[in-house]
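Participant: Quick one: the structure is below, and I'll ask about it shortly.
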Amino acid sequence: MKSYLTYAGLGLAAMMTVWSGNAVSADIKASPDVASSGKLSVANTLDYAPFEYLHADGKQTGIIVELAGEVAKLVKAELDIQRTPFPSMIPGLASGRFRIAWETFSANPDRLKQVDFVMFIKAGIAASTSPEKKDSFTGDMPLCGKRIGVSAGSASDFLVDKLSKDCADKGQEDIKKSVFNSSTDIVQAVLSDRVDARMDDATASSYFEVTSKGQLVVLPTLYDVAPLGLAIAKDDPATAEMMVSALAELFKNGKYQEILNKYGMGAYAIKEPYFVNTMESLRAE
């Protein structure tokens, strides 16, 4: 089965065909820039584990680094990661300094005026608790009546207020919220039984589950789920086609899920990679 991606705007209309059912690496075409240079150049911060970071031995690693390495293999190019401060990435794409900035960008109207995106993962907010308490979180509203720790002023802080009101509206016990100054303090509060669970960014929580060897485990319900993607220069169909088709192959051959699972991020996989150049093209996940 084929899915079609249509570019629109500035009088440009380009149709790209991406195989999602019978993709083979021969169908993946390197962009002219990659074909001529022999390099897949990617701007990346290399300092946001588990997505990208430097190992103790200095080696570049993480989810994005490994996925980019697999894409480079498919387009027969050498991976060239250009370490770049996050605030410089979208301006760098807009100015033509580089063509791909691979981070976990969320799409919003301001960003879409300057760049396009290829979505490859999702994220949200999740609760994590001790293994012993995991089975006590049940039903459609598992946090009702629980003691939940949040970081002051965070998205989780405001989300718990909303969820607590939902509990009350449904005739259930409200959430007992405790506010902390750091995620480390919240973890210690859960481990010492001062709160029942920690509410935080789902990817960070999953990474802590892996690195702490399961001191806290992430509950399955995700809140405020949104897709995240890599950014490419505006109106660059060759790069977009290369990245969507290469990622589609990694989804199909299992490498995508394998890499996410390795870092405890399997729950944040999306069904297929896709191109976004307007808010209307963003899919609910």
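In the structure tokens, each chain is lettered A, B, ... as it comes, each chain's residues begin at 1, and ligands are numbered from 1 in order of appearance.
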Can you pull out the residues contacting Glu78 (chain A)? Cut-off 12 Å, using only C-alpha atoms, and skip same-chain residues under 2 positions away; I want them as a ChimeraX atom specification.

Facilitator: /A:30,34-42,68-76,80-81

Participant: Using N, CA and C atoms, can you write the selected residues to a file as a compact mmCIF listing (two decimals), in the first residue's frame?

Facilitator:
# COMPACT_ATOMS: atom_id res chain seq x y z
N ALA A 30 18.64 8.78 -2.14
CA ALA A 30 19.39 9.83 -1.45
C ALA A 30 19.08 11.17 -2.09
N VAL A 34 23.01 14.68 -0.34
CA VAL A 34 23.65 13.50 0.25
C VAL A 34 24.40 12.71 -0.81
N ALA A 35 23.78 12.57 -1.99
CA ALA A 35 24.42 11.81 -3.07
C ALA A 35 25.75 12.44 -3.50
N SER A 36 25.80 13.76 -3.54
CA SER A 36 27.03 14.43 -4.01
C SER A 36 28.11 14.47 -2.94
N SER A 37 27.71 14.60 -1.68
CA SER A 37 28.71 14.71 -0.60
C SER A 37 29.11 13.36 -0.03
N GLY A 38 28.22 12.35 -0.18
CA GLY A 38 28.47 11.05 0.42
C GLY A 38 28.26 11.05 1.93
N LYS A 39 27.67 12.14 2.45
CA LYS A 39 27.44 12.26 3.89
C LYS A 39 25.98 12.59 4.19
N LEU A 40 25.46 11.96 5.23
CA LEU A 40 24.16 12.35 5.77
C LEU A 40 24.47 13.27 6.94
N SER A 41 24.39 14.57 6.72
CA SER A 41 24.73 15.56 7.75
C SER A 41 23.50 15.91 8.56
N VAL A 42 23.61 15.80 9.88
CA VAL A 42 22.48 16.00 10.77
C VAL A 42 22.92 16.91 11.91
N ALA A 68 19.65 7.59 12.99
CA ALA A 68 20.35 8.31 11.92
C ALA A 68 21.41 7.42 11.28
N GLY A 69 22.07 6.61 12.09
CA GLY A 69 23.06 5.68 11.54
C GLY A 69 22.43 4.67 10.60
N GLU A 70 21.24 4.18 10.95
CA GLU A 70 20.54 3.22 10.09
C GLU A 70 20.08 3.89 8.80
N VAL A 71 19.62 5.15 8.90
CA VAL A 71 19.23 5.88 7.69
C VAL A 71 20.44 6.07 6.78
N ALA A 72 21.58 6.41 7.36
CA ALA A 72 22.80 6.60 6.57
C ALA A 72 23.16 5.32 5.81
N LYS A 73 23.00 4.18 6.45
CA LYS A 73 23.28 2.92 5.77
C LYS A 73 22.37 2.73 4.57
N LEU A 74 21.08 3.06 4.75
CA LEU A 74 20.12 2.86 3.67
C LEU A 74 20.40 3.74 2.46
N VAL A 75 20.93 4.93 2.71
CA VAL A 75 21.22 5.84 1.58
C VAL A 75 22.70 5.78 1.19
N LYS A 76 23.40 4.78 1.76
CA LYS A 76 24.82 4.54 1.41
C LYS A 76 25.67 5.79 1.62
N ASP A 80 27.22 12.13 9.52
CA ASP A 80 28.00 13.27 9.99
C ASP A 80 27.12 14.08 10.92
N ILE A 81 27.32 13.89 12.24
CA ILE A 81 26.52 14.64 13.21
C ILE A 81 27.24 15.94 13.54

Participant: Please provide as an MDAnalysis selection string all residues within 9 Å of Ala123 (chain A), with the sequence filter that same-chain residues fewer than 4 positions apart are discarded (counting only C-alpha atoms).

Facilitator: chainID A and resid 201:203 222:228 268:269

Participant: Would you please work out which residue, of A:Ile186, A:Ala204, A:Ile270, A:Ile64, is nearest to Arg283 (chain A) when using only C-alpha atoms?

Facilitator: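 Among A:Ile186, A:Ala204, A:Ile270, A:Ile64, it is A:Ile270 that comes nearest to Arg283 (chain A).
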
Participant: Near Phe251 (chain A), within 8 Å and counting only C-alpha atoms, which residues show up once chain neighbours fewer than 5 positions away are dropped, as a list in words?

Facilitator: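 After dropping sequence-adjacent residues, the list is Tyr256, Gln257 and Glu272 of chain A.
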
Participant: Which one is closest to Asp174 (chain A): A:Cys144, A:Lys162, A:Asp27, A:Phe137? Count only C-alpha atoms.

Facilitator: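 Counting only C-alpha atoms, the residue closest to Asp174 (chain A) is A:Cys144.
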
Participant: Just the alpha helix (DSSP H) stuff from region 81-277 of chain A, please, per backbone DSSP, written as a ChimeraX atom specification.

Facilitator: /A:89-94,109-112,155-169,183-191,202-211,237-253,255-262

Participant: Out of region 28-200 of chain A, which residues get strand (DSSP E) from DSSP, as JSON, numbers by chain?

Facilitator: {"A": [39, 40, 41, 42, 43, 44, 53, 54, 60, 61, 78, 79, 80, 81, 82, 83, 100, 101, 102, 103, 104, 105, 115, 116, 117, 118, 119, 120, 121, 122, 123, 124, 125, 126, 127, 128, 129, 147, 148, 149, 150, 151, 176, 177, 178, 179, 180, 197, 198, 199, 200]}

Participant: Tell me, as a ChimeraX atom specification, which residues lie within 12 Å of Glu132 (chain A), counting only C-alpha atoms; anything in the same chain fewer than 6 positions away does not count.

Facilitator: /A:190-191,193,196-197,214-217

Participant: Filtering to C-alpha atoms, could you give me those residues as an mmCIF file, in the first residue's frame?

Facilitator:
data_model
loop_
_atom_site.group_PDB
_atom_site.id
_atom_site.type_symbol
_atom_site.label_atom_id
_atom_site.label_comp_id
_atom_site.auth_asym_id
_atom_site.auth_seq_id
_atom_site.Cartn_x
_atom_site.Cartn_y
_atom_site.Cartn_z
ATOM 1 C CA VAL A 190 7.994 7.877 45.853
ATOM 2 C CA LEU A 191 10.740 5.554 47.115
ATOM 3 C CA ASP A 193 6.332 6.313 50.385
ATOM 4 C CA ASP A 196 2.312 7.132 45.507
ATOM 5 C CA ALA A 197 3.616 8.181 42.101
ATOM 6 C CA GLY A 214 13.206 -0.650 37.681
ATOM 7 C CA GLN A 215 13.194 1.295 40.948
ATOM 8 C CA LEU A 216 10.171 3.055 39.465
ATOM 9 C CA VAL A 217 7.991 1.674 36.661
#
